[in-house]
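Asks: For reference, the structure I am asking about is given below.
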Amino acid sequence: MPTPPAPGLTHFAARAGDHNDRAMAASPRLAQALAGLLGQPPTVIGAPEPALAADWDVELTAARPALQAMRAHYDDVLGRGLTPVTALSRCAVALATLPAVAQHRPDAVVIWFDAHADLNTPATTPTGYLGGLALSGSLGWWNSGLGAGLAPDRTVLAGVRDIDEPEAELMRSHDVALVALGPDFARRLGEAVAGRPVYIHIDCDVLDPDTVPTDYRVPNGLSLGDLRAAAAVLAGSEIVGLEIGELETQTPAEDLDPLLQALAPVLTALVQS
């Protein structure tokens, strides 16, 4: 396997569909912890603002300048041959990151670790939450104004267990892969990847509730052991990038050690680049 490119660390600090301020408070601590591991300071995109707790269209309009800056930054990072490693606030930031990944690395598979599919559209969303439209926008199933290009056959949902019926229908009609929790999760994830390059998105509510602080508590999630086993499998592929979001509260950086230890196989591969 060729030597992977050097990591480019980013901290997205702005709001993006937030209905509280706790992820914006936690993301700088995550960025600080990643900076210590990677040995470089992050590039900071945006700045915290009070959460709006509004419908998706209001949230998208408010977040658009920061998301456009994030898209341009990802274009630059990937265009320079770096591997983006990003501390997010909310998963809606994927509306900016994934289209850039799809453009620069159309060979990569996006691994979407999340409790939720985030495949609703403005026409189907039961909540109006912008984050619930994050992956569908990147797939081009609605127009976010930030681009699309992610292919369904290069999208793998990992650990997703809260799926609305409209999302399930879209998954069936577009053949989006789902690796559900259960025995041999890591092995089955590896089979879905099939040795292809991977871009890893981690929404922290993919983990079992109380593992780390998150907004949504969906039972029967991954353990840290499950996540580490999955990371070990994914580290056998080329790591195109990593983004972590939906961590909440003002968690001290040292308390993130269990999460980062679970991701150690992937992070080690990035450091060794």
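FYI, nothing fancy with the structure tokens labels: chains A, B, ... in order, residues from 1 per chain, ligands from 1 as they appear.
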Determine, counting only C-alpha atoms, which protein, DNA and RNA residues have an atom within 7 Å of an atom of region 212-224 of chain A; residues of the same chain fewer than 4 positions away are not included. Present the result as a list in words.
Replies: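 Near region 212-224 of chain A, the qualifying residues are Ala115, Gly159, Cys204, Asp205, Val206, Leu207, Asp208, Arg228, Glu246, Leu247, Glu248, Thr249, Leu259 and Ala262 of chain A.
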Asks: Would you save the residues from that selection as an mmCIF file, in the first residue's frame, using N, CA and C atoms?
Replies:
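Done, and the output landed in again-v3.cif:
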data_model
loop_
_atom_site.group_PDB
_atom_site.id
_atom_site.type_symbol
_atom_site.label_atom_id
_atom_site.label_comp_id
_atom_site.auth_asym_id
_atom_site.auth_seq_id
_atom_site.Cartn_x
_atom_site.Cartn_y
_atom_site.Cartn_z
ATOM 1 N N ALA A 115 -26.078 6.764 14.757
ATOM 2 C CA ALA A 115 -27.289 6.067 15.176
ATOM 3 C C ALA A 115 -28.403 6.246 14.153
ATOM 4 N N GLY A 159 -23.630 0.862 11.958
ATOM 5 C CA GLY A 159 -24.193 1.015 13.291
ATOM 6 C C GLY A 159 -25.482 1.802 13.334
ATOM 7 N N CYS A 204 -21.052 10.723 17.181
ATOM 8 C CA CYS A 204 -20.798 10.029 18.448
ATOM 9 C C CYS A 204 -22.011 9.312 19.017
ATOM 10 N N ASP A 205 -23.228 9.611 18.525
ATOM 11 C CA ASP A 205 -24.360 8.851 19.049
ATOM 12 C C ASP A 205 -24.467 7.464 18.435
ATOM 13 N N VAL A 206 -23.519 7.094 17.563
ATOM 14 C CA VAL A 206 -23.439 5.696 17.135
ATOM 15 C C VAL A 206 -23.074 4.802 18.310
ATOM 16 N N LEU A 207 -22.427 5.389 19.323
ATOM 17 C CA LEU A 207 -22.035 4.634 20.513
ATOM 18 C C LEU A 207 -23.212 4.432 21.450
ATOM 19 N N ASP A 208 -23.075 3.451 22.316
ATOM 20 C CA ASP A 208 -24.108 3.203 23.311
ATOM 21 C C ASP A 208 -24.267 4.432 24.204
ATOM 22 N N ARG A 228 -13.285 0.145 18.195
ATOM 23 C CA ARG A 228 -11.866 -0.127 17.975
ATOM 24 C C ARG A 228 -11.668 -1.268 16.982
ATOM 25 N N GLU A 246 -20.855 15.611 16.774
ATOM 26 C CA GLU A 246 -21.954 15.309 17.689
ATOM 27 C C GLU A 246 -21.483 14.901 19.075
ATOM 28 N N LEU A 247 -20.306 15.369 19.467
ATOM 29 C CA LEU A 247 -19.870 15.254 20.848
ATOM 30 C C LEU A 247 -20.373 16.492 21.575
ATOM 31 N N GLU A 248 -20.877 16.319 22.790
ATOM 32 C CA GLU A 248 -21.474 17.444 23.501
ATOM 33 C C GLU A 248 -20.744 17.768 24.797
ATOM 34 N N THR A 249 -21.126 18.907 25.353
ATOM 35 C CA THR A 249 -20.689 19.467 26.629
ATOM 36 C C THR A 249 -19.235 19.891 26.598
ATOM 37 N N LEU A 259 -12.408 7.483 23.778
ATOM 38 C CA LEU A 259 -12.866 7.581 22.394
ATOM 39 C C LEU A 259 -11.693 7.534 21.427
ATOM 40 N N ALA A 262 -10.137 4.173 21.112
ATOM 41 C CA ALA A 262 -10.912 3.284 20.237
ATOM 42 C C ALA A 262 -10.594 3.540 18.769
#
Asks: Would you mind listing, for every residue of region 89-198 of chain A within 7 Å of region 43-64 of chain A, the two atoms forming the shortest contact and the distance between them in Å to one decimal, using only C-alpha atoms, sorted by chain and ascending residue number, as CSV?
Replies:
residue,atom,partner,partner_atom,distance
A:Gly128,CA,A:Asp55,CA,5.0
A:Tyr129,CA,A:Trp56,CA,5.3
A:Leu130,CA,A:Trp56,CA,4.3
Asks: For each of A:Gly131, A:Pro197, A:Pro106, A:Gly190, take the minimum atom-to-atom distance to Ala158 (chain A), counting only C-alpha atoms, then give the residue where this is smallest.
Replies: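 Closest to Ala158 (chain A) of all the choices is A:Gly190.
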Asks: Smallest atom-to-atom distance to Asp153 (chain A): which of A:Leu95, A:Val110, A:Ala229, A:Leu78, using only C-alpha atoms?
Replies: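 Using only C-alpha atoms, Asp153 (chain A) sits closest to A:Val110.
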Asks: Return the single residue from A:Leu67, A:Ala102, A:Leu9, A:Val266 that is closest to Gly39 (chain A), with distances computed using only C-alpha atoms.
Replies: A:Leu9
Asks: For CA of Pro183 (chain A) and CA of Ala151 (chain A), quote the distance in Å rounded to one decimal.
Replies: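 About the pair CA of Pro183 (chain A) and CA of Ala151 (chain A): they are 27.7 Å apart.
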Asks: Counting only C-alpha atoms, give me one row per residue of region 100-146 of chain A with an atom at most 8 Å from an atom of region 86-94 of chain A, showing the shortest contact pair and its distance in Å to one decimal, sorted by chain then residue number, as a Markdown table.
Replies:
| residue | atom | partner | partner_atom | distance |
| --- | --- | --- | --- | --- |
| A:Leu130 | CA | A:Ala92 | CA | 6.2 |
| A:Gly131 | CA | A:Ala92 | CA | 4.4 |
| A:Gly132 | CA | A:Ala92 | CA | 7.7 |
| A:Leu133 | CA | A:Ala92 | CA | 7.4 |
| A:Ala134 | CA | A:Ala92 | CA | 4.9 |
| A:Leu135 | CA | A:Ala94 | CA | 7.0 |
| A:Ser138 | CA | A:Ala94 | CA | 7.4 |
Asks: CA of Gly81 (chain A) and CA of Leu270 (chain A), how far apart in Å?
Replies: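 CA of Gly81 (chain A) lies at a distance of 13.4 Å from CA of Leu270 (chain A).
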Asks: Do you have the CA of Val101 (chain A)-CA of Leu146 (chain A) distance handy?
Replies: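 CA of Val101 (chain A) sits 12.3 Å away from CA of Leu146 (chain A).
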